[in-house]
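Visitor: Handing over protein_34.cif, mmCIF, C-alpha atoms and all ligand atoms.
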```
data_input
loop_
_atom_site.label_atom_id
_atom_site.label_comp_id
_atom_site.auth_asym_id
_atom_site.auth_seq_id
_atom_site.Cartn_x
_atom_site.Cartn_y
_atom_site.Cartn_z
CA MET A 1 43.97 -78.00 -48.94
CA CYS A 2 41.09 -79.25 -50.98
CA VAL A 3 38.27 -80.36 -48.76
CA GLU A 4 37.12 -83.00 -51.21
CA ASN A 5 40.43 -84.89 -50.85
CA VAL A 6 39.39 -86.29 -47.51
CA PRO A 7 37.09 -89.32 -47.47
CA PRO A 8 33.36 -88.62 -47.26
CA PRO A 9 31.78 -88.41 -43.80
CA SER A 10 31.36 -91.79 -42.18
CA SER A 11 28.14 -92.58 -40.40
CA ARG A 12 29.95 -95.22 -38.32
CA VAL A 13 31.63 -92.48 -36.30
CA THR A 14 28.24 -90.86 -35.96
CA ARG A 15 26.56 -93.70 -34.26
CA ARG A 16 29.33 -94.18 -31.74
CA GLY A 17 29.62 -90.46 -30.96
CA VAL A 18 25.92 -89.86 -30.75
CA LEU A 19 25.29 -92.92 -28.65
CA ALA A 20 28.03 -91.89 -26.25
CA GLY A 21 26.49 -88.44 -25.89
CA ALA A 22 23.01 -89.87 -25.55
CA ALA A 23 24.17 -92.38 -22.96
CA ALA A 24 25.69 -89.59 -20.89
CA LEU A 25 22.47 -87.59 -21.06
CA ALA A 26 20.21 -90.59 -20.56
CA GLY A 27 22.25 -91.58 -17.51
CA THR A 28 21.27 -88.30 -15.89
CA ALA A 29 17.70 -88.80 -17.01
CA ALA A 30 17.47 -92.34 -15.69
CA ALA A 31 18.83 -91.26 -12.32
CA LEU A 32 16.21 -88.53 -12.10
CA SER A 33 13.40 -90.82 -13.22
CA ALA A 34 14.33 -93.20 -10.45
CA ALA A 35 13.94 -90.48 -7.82
CA PRO A 36 10.89 -91.13 -5.60
CA GLY A 37 7.75 -89.52 -6.99
CA ALA A 38 9.48 -88.41 -10.18
CA VAL A 39 6.99 -90.16 -12.47
CA ALA A 40 3.40 -90.64 -11.36
CA ALA A 41 1.78 -92.27 -14.36
CA PRO A 42 2.54 -95.88 -15.20
CA ALA A 43 4.98 -95.85 -18.07
CA ARG A 44 4.98 -98.51 -20.68
CA ASP A 45 7.18 -99.23 -23.62
CA SER A 46 4.88 -99.18 -26.62
CA GLY A 47 6.77 -97.16 -29.19
CA ARG A 48 3.53 -96.38 -31.01
CA GLY A 49 3.26 -92.71 -30.11
CA PRO A 50 3.75 -90.22 -32.92
CA GLY A 51 7.31 -89.03 -32.82
CA THR A 52 7.94 -90.64 -29.48
CA GLY A 53 10.20 -93.35 -30.87
CA ALA A 54 10.70 -96.47 -28.79
CA GLY A 55 10.71 -94.76 -25.39
CA PRO A 56 8.17 -95.04 -22.59
CA THR A 57 4.79 -93.38 -22.97
CA GLY A 58 1.93 -92.88 -20.56
CA ASP A 59 -1.80 -93.22 -20.08
CA LEU A 60 -3.54 -90.20 -18.58
CA VAL A 61 -6.93 -88.50 -18.45
CA VAL A 62 -6.85 -84.72 -18.16
CA GLU A 63 -10.33 -83.83 -16.93
CA GLY A 64 -12.52 -80.88 -16.14
CA GLY A 65 -10.59 -78.06 -17.81
CA THR A 66 -11.57 -75.71 -20.63
CA LEU A 67 -10.01 -77.09 -23.80
CA LEU A 68 -8.68 -74.87 -26.61
CA ASP A 69 -7.95 -76.30 -30.06
CA PRO A 70 -5.68 -73.74 -31.76
CA ALA A 71 -6.47 -75.12 -35.24
CA THR A 72 -10.17 -74.30 -35.06
CA GLY A 73 -10.24 -71.82 -32.18
CA GLU A 74 -12.91 -74.02 -30.64
CA VAL A 75 -13.29 -73.75 -26.86
CA THR A 76 -14.85 -76.66 -24.93
CA GLU A 77 -15.78 -76.29 -21.27
CA ASP A 78 -15.65 -79.24 -18.87
CA ALA A 79 -13.53 -81.20 -21.33
CA VAL A 80 -11.55 -84.41 -21.08
CA VAL A 81 -8.39 -85.41 -22.93
CA VAL A 82 -7.81 -89.16 -22.91
CA ILE A 83 -4.20 -90.13 -23.60
CA ARG A 84 -3.33 -93.79 -24.24
CA ASP A 85 0.21 -94.96 -24.95
CA GLY A 86 1.35 -91.35 -25.22
CA VAL A 87 -1.19 -90.47 -27.93
CA VAL A 88 -4.45 -88.55 -27.67
CA HIS A 89 -7.18 -91.17 -27.89
CA ALA A 90 -10.11 -88.77 -27.45
CA ALA A 91 -10.61 -85.09 -26.64
CA GLY A 92 -13.82 -83.14 -26.16
CA ALA A 93 -16.78 -82.42 -23.88
CA ARG A 94 -16.98 -84.81 -20.96
CA SER A 95 -20.64 -85.51 -21.76
CA ARG A 96 -19.68 -86.85 -25.21
CA THR A 97 -16.37 -88.57 -24.48
CA ALA A 98 -15.93 -92.09 -23.14
CA VAL A 99 -13.43 -92.02 -20.25
CA PRO A 100 -11.75 -95.36 -19.57
CA LYS A 101 -11.45 -96.48 -15.98
CA GLY A 102 -8.31 -97.38 -14.10
CA ILE A 103 -5.85 -94.94 -15.61
CA PRO A 104 -4.30 -91.92 -13.84
CA ARG A 105 -6.22 -88.62 -13.77
CA LEU A 106 -5.04 -85.05 -13.83
CA ASP A 107 -7.61 -82.61 -12.45
CA ALA A 108 -7.85 -79.45 -14.59
CA HIS A 109 -11.05 -77.98 -13.11
CA GLY A 110 -11.00 -74.18 -13.23
CA ARG A 111 -8.04 -74.20 -15.63
CA TRP A 112 -7.43 -74.17 -19.37
CA VAL A 113 -5.96 -77.03 -21.37
CA LEU A 114 -3.94 -76.55 -24.56
CA PRO A 115 -1.70 -78.74 -26.68
CA GLY A 116 1.99 -78.72 -25.73
CA LEU A 117 3.81 -75.72 -27.21
CA ILE A 118 6.56 -75.76 -29.83
CA ASP A 119 9.76 -73.71 -29.66
CA ALA A 120 10.97 -73.44 -33.27
CA HIS A 121 14.38 -71.96 -32.42
CA ILE A 122 16.24 -73.06 -29.30
CA HIS A 123 19.80 -74.15 -28.49
CA LEU A 124 19.65 -77.16 -26.15
CA ASN A 125 23.11 -78.20 -24.98
CA THR A 126 22.38 -80.08 -21.76
CA ALA A 127 19.81 -82.33 -20.12
CA THR A 128 19.11 -79.50 -17.66
CA GLU A 129 18.24 -77.08 -20.46
CA ALA A 130 16.07 -79.73 -22.12
CA ARG A 131 14.16 -80.26 -18.85
CA ASP A 132 13.76 -76.50 -18.34
CA ALA A 133 12.29 -76.17 -21.83
CA VAL A 134 9.75 -78.96 -21.41
CA ARG A 135 8.79 -77.81 -17.88
CA GLN A 136 8.01 -74.40 -19.32
CA GLY A 137 5.68 -75.93 -21.86
CA ALA A 138 7.81 -76.61 -24.95
CA THR A 139 6.97 -80.26 -25.62
CA SER A 140 8.42 -80.03 -29.15
CA ALA A 141 11.27 -77.94 -30.48
CA ARG A 142 13.63 -77.28 -33.37
CA SER A 143 17.30 -76.75 -32.65
CA GLY A 144 19.18 -73.68 -33.81
CA SER A 145 22.41 -75.78 -33.73
CA THR A 146 24.92 -76.71 -31.01
CA ASN A 147 28.73 -76.74 -31.08
CA PHE A 148 29.26 -80.49 -30.65
CA TYR A 149 26.03 -82.22 -31.77
CA GLN A 150 24.61 -82.00 -28.24
CA ASP A 151 21.19 -81.45 -29.78
CA ILE A 152 21.33 -84.86 -31.46
CA ALA A 153 21.97 -86.41 -28.04
CA VAL A 154 19.09 -84.37 -26.55
CA ARG A 155 16.85 -85.73 -29.31
CA GLU A 156 17.77 -89.26 -28.19
CA LEU A 157 17.15 -88.31 -24.56
CA ALA A 158 13.68 -87.13 -25.59
CA ARG A 159 13.02 -90.55 -27.11
CA GLN A 160 14.22 -92.43 -24.03
CA ALA A 161 12.69 -90.13 -21.41
CA PRO A 162 9.96 -88.05 -23.09
CA GLU A 163 9.00 -86.19 -19.91
CA GLN A 164 12.54 -84.79 -19.67
CA ALA A 165 13.09 -83.20 -23.08
CA PRO A 166 11.10 -81.75 -25.96
CA ARG A 167 10.61 -83.87 -29.06
CA LEU A 168 13.45 -82.31 -31.04
CA ARG A 169 14.41 -81.57 -34.62
CA ALA A 170 18.20 -81.42 -34.34
CA ALA A 171 20.44 -79.17 -36.46
CA GLY A 172 23.87 -80.51 -35.51
CA VAL A 173 26.62 -77.92 -36.01
CA PHE A 174 26.30 -74.42 -37.49
CA VAL A 175 27.25 -73.91 -41.14
CA THR A 176 29.32 -70.76 -40.61
CA PRO A 177 32.59 -69.38 -42.01
CA ASP A 178 34.52 -69.80 -38.76
CA LEU A 179 33.76 -73.16 -37.14
CA GLY A 180 36.06 -72.43 -34.20
CA ASP A 181 36.36 -75.31 -31.75
CA THR A 182 33.57 -77.12 -33.55
CA VAL A 183 36.18 -78.56 -35.97
CA LEU A 184 37.20 -80.69 -32.99
CA ALA A 185 33.67 -82.12 -32.79
CA ASP A 186 34.23 -84.41 -35.71
CA PRO A 187 37.13 -86.08 -37.53
CA ASP A 188 35.44 -85.21 -40.82
CA LEU A 189 35.42 -81.51 -39.94
CA THR A 190 39.05 -81.19 -38.77
CA PRO A 191 40.46 -80.85 -42.33
CA LEU A 192 38.43 -77.62 -42.59
CA ALA A 193 40.63 -76.07 -39.87
CA ARG A 194 43.34 -75.75 -42.54
CA LEU A 195 41.24 -73.49 -44.76
CA ARG A 196 42.72 -70.00 -44.38
CA ASP A 197 39.48 -68.35 -45.46
CA GLY A 198 37.18 -70.58 -43.41
CA VAL A 199 34.08 -72.36 -44.67
CA ARG A 200 33.30 -70.33 -47.80
CA SER A 201 33.99 -72.39 -50.92
CA ALA A 202 31.21 -74.48 -52.43
CA GLN A 203 33.17 -77.60 -51.46
CA ALA A 204 33.61 -76.57 -47.84
CA LEU A 205 29.96 -75.54 -47.48
CA ARG A 206 28.82 -78.87 -48.93
CA ARG A 207 31.16 -80.71 -46.61
CA VAL A 208 29.74 -79.19 -43.41
CA VAL A 209 26.18 -79.90 -44.57
CA GLU A 210 27.03 -83.48 -45.55
CA VAL A 211 28.81 -84.19 -42.25
CA ASN A 212 25.74 -82.91 -40.38
CA LEU A 213 23.45 -85.11 -42.45
CA ALA A 214 25.68 -88.13 -41.86
CA ARG A 215 25.54 -87.47 -38.11
CA GLY A 216 21.75 -87.46 -38.16
CA ALA A 217 20.77 -83.78 -38.35
CA ASP A 218 17.08 -83.21 -39.19
CA VAL A 219 17.60 -79.63 -40.39
CA ILE A 220 20.56 -77.46 -41.41
CA LYS A 221 21.32 -74.15 -39.70
CA THR A 222 23.29 -71.47 -41.50
CA ARG A 223 23.61 -67.70 -41.51
CA VAL A 224 23.73 -64.77 -43.88
CA ASN A 225 24.69 -62.08 -41.32
CA GLU A 226 26.91 -61.63 -38.30
CA ARG A 227 25.46 -61.89 -34.79
CA ALA A 228 23.38 -59.29 -32.94
CA GLY A 229 24.16 -60.72 -29.51
CA LEU A 230 27.89 -59.95 -29.73
CA PRO A 231 28.76 -56.25 -29.37
CA GLU A 232 31.89 -56.57 -31.54
CA GLN A 233 29.90 -57.93 -34.48
CA ASP A 234 27.68 -55.94 -36.83
CA PRO A 235 24.55 -57.98 -37.61
CA LEU A 236 24.13 -56.00 -40.83
CA THR A 237 27.43 -57.37 -42.19
CA GLN A 238 26.78 -60.16 -44.66
CA VAL A 239 28.94 -63.29 -44.34
CA TYR A 240 27.52 -65.48 -47.12
CA SER A 241 26.30 -64.51 -50.59
CA TYR A 242 23.21 -65.70 -52.43
CA GLU A 243 25.44 -68.19 -54.29
CA GLN A 244 26.96 -69.59 -51.09
CA LEU A 245 23.54 -69.92 -49.44
CA SER A 246 22.27 -71.66 -52.57
CA GLU A 247 25.06 -74.24 -52.18
CA VAL A 248 23.98 -74.88 -48.56
CA VAL A 249 20.31 -75.20 -49.53
CA ALA A 250 21.10 -77.53 -52.46
CA ALA A 251 23.28 -79.78 -50.28
CA ALA A 252 20.59 -79.93 -47.59
CA ARG A 253 17.91 -80.71 -50.18
CA ARG A 254 19.96 -83.59 -51.55
CA GLY A 255 19.57 -85.06 -48.07
CA GLY A 256 15.88 -84.17 -47.99
CA LYS A 257 16.36 -81.46 -45.34
CA GLY A 258 15.41 -77.80 -45.01
CA VAL A 259 17.57 -74.86 -43.94
CA LEU A 260 16.99 -72.28 -41.22
CA CYS A 261 18.98 -69.09 -41.74
CA HIS A 262 20.14 -66.51 -39.18
CA SER A 263 19.41 -63.21 -40.98
CA TYR A 264 19.26 -59.50 -40.17
CA SER A 265 19.98 -57.13 -43.07
CA GLU A 266 17.39 -56.41 -45.75
CA ARG A 267 19.70 -57.65 -48.51
CA GLY A 268 20.77 -60.65 -46.46
CA CYS A 269 17.17 -61.68 -45.78
CA ASP A 270 16.38 -61.34 -49.48
CA ASP A 271 19.40 -63.41 -50.56
CA ALA A 272 18.52 -66.13 -48.04
CA VAL A 273 14.89 -66.33 -49.12
CA ARG A 274 15.76 -66.41 -52.83
CA ALA A 275 18.31 -69.15 -52.11
CA GLY A 276 15.38 -71.30 -50.96
CA ILE A 277 15.71 -71.47 -47.17
CA ARG A 278 12.85 -73.06 -45.25
CA SER A 279 12.74 -70.38 -42.55
CA LEU A 280 14.11 -66.91 -41.90
CA GLU A 281 15.42 -66.51 -38.33
CA HIS A 282 15.42 -63.10 -36.55
CA GLY A 283 14.89 -61.14 -39.82
CA VAL A 284 14.78 -57.71 -38.16
CA PHE A 285 15.27 -55.69 -41.36
CA VAL A 286 13.39 -57.95 -43.78
CA GLY A 287 11.75 -55.79 -46.47
CA GLU A 288 8.18 -55.98 -47.69
CA ARG A 289 9.23 -57.26 -51.13
CA THR A 290 11.03 -60.18 -49.45
CA LEU A 291 8.03 -60.84 -47.20
CA ARG A 292 5.83 -61.06 -50.31
CA ASP A 293 8.32 -63.51 -51.80
CA MET A 294 8.19 -65.54 -48.56
CA ARG A 295 4.41 -65.67 -48.78
CA ARG A 296 4.66 -66.93 -52.38
CA ARG A 297 7.29 -69.55 -51.52
CA GLY A 298 5.81 -70.60 -48.18
CA THR A 299 9.00 -69.57 -46.34
CA HIS A 300 8.42 -69.38 -42.58
CA PHE A 301 9.44 -66.42 -40.41
CA THR A 302 10.82 -67.14 -36.91
CA PRO A 303 11.42 -63.62 -35.52
CA THR A 304 12.71 -64.71 -32.06
CA LEU A 305 11.28 -61.52 -30.49
CA THR A 306 12.25 -62.90 -27.06
CA ALA A 307 15.94 -62.79 -27.96
CA ILE A 308 15.78 -59.26 -29.38
CA ALA A 309 13.74 -58.00 -26.38
CA GLY A 310 16.25 -59.77 -24.14
CA MET A 311 19.06 -57.46 -25.27
CA ILE A 312 17.24 -54.47 -23.74
CA GLY A 313 18.78 -53.70 -20.37
CA ASP A 314 21.98 -55.63 -21.16
CA ALA A 315 24.99 -54.42 -19.19
CA ASP A 316 26.76 -53.83 -22.52
CA PRO A 317 25.52 -50.47 -23.89
CA VAL A 318 25.89 -51.63 -27.52
CA LEU A 319 23.54 -54.57 -26.95
CA ASP A 320 21.11 -52.49 -24.89
CA GLU A 321 20.91 -49.91 -27.66
CA ARG A 322 20.57 -52.63 -30.31
CA GLY A 323 17.66 -54.19 -28.44
CA ARG A 324 15.87 -50.84 -28.05
CA THR A 325 16.35 -49.99 -31.74
CA TYR A 326 15.62 -53.42 -33.19
CA LEU A 327 12.55 -54.50 -31.19
CA PRO A 328 10.05 -51.99 -32.63
CA ILE A 329 11.42 -52.60 -36.17
CA LEU A 330 11.04 -56.37 -35.75
CA LYS A 331 7.52 -56.04 -34.33
CA GLU A 332 6.56 -54.00 -37.38
CA ALA A 333 8.05 -56.69 -39.66
CA VAL A 334 6.06 -59.37 -37.80
CA ARG A 335 2.83 -57.38 -38.13
CA THR A 336 3.41 -56.83 -41.87
CA ALA A 337 4.34 -60.49 -42.37
CA HIS A 338 1.16 -61.60 -40.63
CA GLU A 339 -1.01 -59.24 -42.70
CA LEU A 340 0.59 -60.55 -45.89
CA GLY A 341 0.01 -64.16 -44.85
CA VAL A 342 3.63 -65.20 -44.21
CA PRO A 343 3.62 -68.27 -41.92
CA LEU A 344 5.03 -67.29 -38.50
CA ALA A 345 6.68 -69.61 -35.99
CA ALA A 346 7.49 -68.91 -32.35
CA GLY A 347 11.07 -69.40 -31.18
CA THR A 348 12.84 -68.09 -28.09
CA ASP A 349 16.44 -68.52 -29.32
CA SER A 350 17.24 -69.56 -25.74
CA SER A 351 20.91 -70.50 -25.28
CA GLY A 352 23.74 -70.45 -22.80
CA GLY A 353 21.96 -72.09 -19.89
CA THR A 354 18.94 -69.78 -19.64
CA VAL A 355 15.76 -71.18 -21.14
CA GLU A 356 13.06 -68.60 -21.76
CA PRO A 357 9.44 -69.80 -21.66
CA ILE A 358 7.98 -70.20 -25.14
CA GLY A 359 4.88 -68.49 -23.71
CA ARG A 360 6.89 -65.26 -23.65
CA GLU A 361 7.37 -65.40 -27.43
CA ILE A 362 3.60 -65.83 -27.79
CA THR A 363 2.95 -62.71 -25.70
CA LEU A 364 5.43 -60.77 -27.86
CA MET A 365 3.74 -62.00 -31.06
CA HIS A 366 0.52 -60.60 -29.62
CA ALA A 367 2.26 -57.33 -28.74
CA ALA A 368 3.43 -57.15 -32.37
CA GLY A 369 -0.18 -57.13 -33.56
CA LEU A 370 -1.41 -60.74 -33.81
CA SER A 371 -4.69 -61.71 -32.16
CA ALA A 372 -4.29 -63.92 -29.07
CA LEU A 373 -5.42 -67.00 -31.03
CA ASP A 374 -3.09 -66.27 -33.95
CA ALA A 375 -0.23 -65.72 -31.48
CA ILE A 376 -0.94 -69.13 -29.91
CA ARG A 377 -0.94 -70.66 -33.39
CA THR A 378 2.66 -69.51 -33.93
CA ALA A 379 3.70 -71.92 -31.15
CA THR A 380 1.27 -74.73 -32.06
CA THR A 381 -0.16 -75.35 -35.52
CA GLY A 382 2.15 -72.87 -37.28
CA ALA A 383 5.38 -74.12 -35.73
CA ALA A 384 4.19 -77.72 -36.23
CA ARG A 385 3.96 -77.09 -39.97
CA LEU A 386 7.49 -75.67 -40.00
CA LEU A 387 8.81 -78.74 -38.16
CA GLY A 388 6.84 -81.08 -40.43
CA VAL A 389 4.85 -82.47 -37.47
CA GLU A 390 1.51 -80.85 -38.27
CA ARG A 391 -0.28 -84.20 -38.20
CA THR A 392 1.14 -85.22 -34.81
CA ALA A 393 1.73 -82.04 -32.75
CA GLY A 394 0.09 -78.70 -32.07
CA ARG A 395 -3.51 -79.87 -31.55
CA PRO A 396 -5.35 -81.64 -28.73
CA ALA A 397 -7.07 -84.08 -31.06
CA ARG A 398 -7.30 -87.82 -31.62
CA GLY A 399 -4.11 -89.26 -33.06
CA PHE A 400 -1.93 -86.34 -31.99
CA ALA A 401 0.88 -86.61 -29.44
CA GLY A 402 -0.29 -86.78 -25.84
CA ASP A 403 1.36 -83.44 -25.09
CA VAL A 404 -0.73 -81.01 -23.05
CA ILE A 405 -0.26 -77.92 -20.92
CA VAL A 406 -2.65 -76.85 -18.18
CA VAL A 407 -2.65 -73.12 -17.42
CA ASP A 408 -4.23 -71.03 -14.67
CA GLY A 409 -6.55 -68.83 -16.72
CA ASP A 410 -8.02 -68.01 -20.12
CA PRO A 411 -5.05 -67.49 -22.47
CA LEU A 412 -7.30 -65.76 -25.02
CA ALA A 413 -7.87 -63.03 -22.40
CA ASP A 414 -4.36 -63.03 -20.90
CA LEU A 415 -1.52 -64.78 -22.75
CA SER A 416 0.86 -64.40 -19.82
CA VAL A 417 -0.69 -67.54 -18.26
CA LEU A 418 1.24 -69.48 -20.95
CA THR A 419 4.59 -68.40 -19.48
CA LYS A 420 3.97 -70.41 -16.29
CA PRO A 421 2.06 -73.62 -17.04
CA ARG A 422 0.58 -75.28 -13.96
CA HIS A 423 1.07 -78.76 -15.44
CA VAL A 424 2.91 -80.09 -18.48
CA VAL A 425 2.23 -83.52 -19.94
CA ARG A 426 4.57 -85.02 -22.53
CA ALA A 427 3.60 -88.26 -24.32
CA GLY A 428 1.07 -88.93 -21.55
CA LEU A 429 3.71 -88.54 -18.83
CA PRO A 430 3.39 -85.76 -16.24
CA VAL A 431 6.46 -83.49 -16.27
CA ARG A 432 7.61 -82.84 -12.70
CA ASP A 433 9.41 -79.86 -11.20
ZN ZN B 501 19.87 -69.05 -32.38
#
```
Just give me the structure as structure tokens.
Guide:
Amino acid sequence: MCVENVPPPSSRVTRRGVLAGAAALAGTAAALSAAPGAVAAPARDSGRGPGTGAGPTGDLVVEGGTLLDPATGEVTEDAVVVIRDGVVHAAGARSRTAVPKGIPRLDAHGRWVLPGLIDAHIHLNTATEARDAVRQGATSARSGSTNFYQDIAVRELARQAPEQAPRLRAAGVFVTPDLGDTVLADPDLTPLARLRDGVRSAQALRRVVEVNLARGADVIKTRVNERAGLPEQDPLTQVYSYEQLSEVVAAARRGGKGVLCHSYSERGCDDAVRAGIRSLEHGVFVGERTLRDMRRRGTHFTPTLTAIAGMIGDADPVLDERGRTYLPILKEAVRTAHELGVPLAAGTDSSGGTVEPIGREITLMHAAGLSALDAIRTATTGAARLLGVERTAGRPARGFAGDVIVVDGDPLADLSVLTKPRHVVRAGLPVRD
């Protein structure tokens, strides 16, 4: 049947569905917040924090640590970060920063203080996964899609209980030929179940994008290749053409949104970039000509090294072999991209209940050839630019979100300290284990 014969997506259904999901998640969050000792700082409902929406935010002074600003590379010893209403009010040397009295303190003596990290590719399906991500230092994130709009509910959870979920750019459902059970996620998607060939026509592609936009997606996730993480699929097989990807990009742009594209093969990466995607995901076999084009267009590269490295040692020999073959190729692509000036963003591609620390992706960026500071930038200033939050996240500076991590040593000397933050602060609220 013709997809266009069904009425256009209704945003009424959206609100009800999303609110129901958010209520379910927020119920869990509220119960946890009410647990004794769960929240130390006084929370207040100001709604003035950047990107924090109308939820509670905190006041906090992080004092005594060594502060690193990834934007400038500047290191300040014995620093203070003053957070008011979830926003950085002042940050710098203690001797030159006025510290207000009567608000909670977090002692960072002997430790390093950085802005909260950003995971630019993560699949957050549950409140537990959201909490795991923020506890491990990802105070902001971009979704790589979920099957039933769970990420949109997680985004609402992050607004209601900032210390329990990263500030999230949601992707809604995957724009992919075979939607599978996802057609059941939405009455406006179910007509697509009748398409014998799946989501491939211009009309069907537009429909999935438009339904996502109506449901409140901030970005659109699509693919050009099959998956690497499934042994029966060949990630070099192309599933959408340049023309099909161009339809997806055009539909997203009509809604003012960018597209992130799961890509592996050289040709697939090139088609995706020429179609105008905002960021190339995975991109193991991206060629130098395409990387130069990305530099020219400002297309970001999210290599998700963590996910590729994670296949090594898999019980399935196909995946183990894939990981061993792909990782050095991807590292080389990352190194070349960095040398050419392609903007890089850190993303773990965590999914399925296991949340990898975003610090691990930073260590792998460094292993691929970036300096420690440039590797940190991929999860702070660089990822912030990709998410469009470069004026509110990724720096410990006045006016930025009150998101901070405190780590046990000098990350410029040993990036592994970023994989296990000692403290995480989100919108001025301490994140508890
Ligand atoms: Zn993914």
Visitor: For region 295-297 of chain A, please output as a VMD selection string all residues within 9 Å (counting all atoms listed in the file; exclusion window: fewer than 5 positions along the same chain).
Guide: chain A and resid 273 276 290 337 340 to 343
Visitor: Need to verify the contact set: Thr363 (chain A), 9 Å, only C-alpha atoms, exclusion of same-chain residues closer than 6 positions in sequence. Can you return it as a PyMOL selection string?
Guide: chain A and resi 372+375-376+414-416+418-419
Visitor: Residues within 10 Å of ligand ZN 501 (chain B) (only C-alpha atoms and all ligand atoms), as a PyMOL selection string?
Guide: chain A and resi 120-123+143-146+174+221+223+227+229+260-262+281-282+304+307+347-351
Visitor: Quick one, how far is CA of Asp188 (chain A) from CA of Gly172 (chain A)?
Guide: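 CA of Asp188 (chain A) sits 13.6 Å away from CA of Gly172 (chain A).
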Visitor: Mind checking which residues fall within 8 Å of Ser241 (chain A), counting all atoms listed in the file, ignoring those fewer than 4 positions away in the same chain, and posting them as a list in words?
Guide: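 The residues satisfying every condition are Val224, Leu245, Gly268 and Asp271 of chain A.
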Visitor: Which residues come within 10 Å of region 378-395 of chain A, counting only C-alpha atoms, excluding same-chain residues fewer than 5 positions away, as a PyMOL selection string?
Guide: chain A and resi 49-51+68-72+87-88+114-121+138-142+167-169+218-219+258+278-279+298-302+343-347+358-359+361-362+365+370+373+400-404
Visitor: What separation in Å, quoted to one decimal, exists between CA of Ala161 (chain A) and CA of Val113 (chain A)?
Guide: 22.8 Å
Visitor: Rank A:Leu106, A:Leu412, A:Leu192, A:Ile329 by their smallest atom-to-atom distance to Ala368 (chain A), using all atoms listed in the file, and report the top residue only.
Guide: A:Ile329
Visitor: Restricting the calculation to only C-alpha atoms: of A:Val284, A:Pro187, A:Arg335, A:Val175, which residue gets closest to Ala251 (chain A)?
Guide: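 Under the stated criterion, the closest residue is A:Val175.
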Visitor: Please return, as a list in words, all polymer residues that have at least one atom within 10 Å of the point (14.2, -74.6, -17.7); use only C-alpha atoms and the file's own coordinate frame.
Guide: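 Residues close enough to count: Ala127, Thr128, Glu129, Ala130, Arg131, Asp132, Ala133, Val134, Arg135, Gln136, Gly137, Ala138, Ser350, Gly353, Thr354, Val355, Glu356, Pro357 and Asp433 of chain A.
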Visitor: Mind working out the centre and edge lengths of an axis-aligned box for region 256-264 of chain A, all listed atoms inside, 8 Å added to each side, rounded to one decimal in Å and written as AutoDock Vina command-line options?
Guide:
```
--center_x 17.8 --center_y -71.8 --center_z -43.6 --size_x 20.7 --size_y 40.7 --size_z 24.8
```
Visitor: May I ask which of the residues A:Pro430, A:Ala309, A:Asp178, A:Ala165 is the closest one to Arg194 (chain A), counting all atoms listed in the file?
Guide: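 Under the stated criterion, the closest residue is A:Asp178.
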Visitor: Identify, on the basis of all atoms listed in the file, every residue whose closest approach to region 93-102 of chain A does not exceed 8 Å; exclude the query and any residue fewer than 2 positions from it along the same chain; express the result as a PyMOL selection string.
Guide: chain A and resi 61+63-64+76-80+82+90-91+104
Visitor: Out of A:Tyr242, A:Thr237, A:Glu247, A:Leu67, which residue has the shortest atom-to-atom distance to Ala204 (chain A) when counting only C-alpha atoms?
Guide: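 Of A:Tyr242, A:Thr237, A:Glu247, A:Leu67, the one nearest Ala204 (chain A) is A:Glu247, counting only C-alpha atoms.
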Visitor: With distances taken over all atoms listed in the file, which of A:Glu332, A:Glu156, A:Glu226, A:Asp320 is nearest to Tyr240 (chain A)?
Guide: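 When distances to Tyr240 (chain A) are compared using all atoms listed in the file, the smallest one comes from A:Glu226.
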Visitor: Give me, please, the distance in Å between CA of Leu213 (chain A) and CA of Val173 (chain A), quoted to one decimal.
Guide: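 Between these atoms lies a distance of 10.2 Å.
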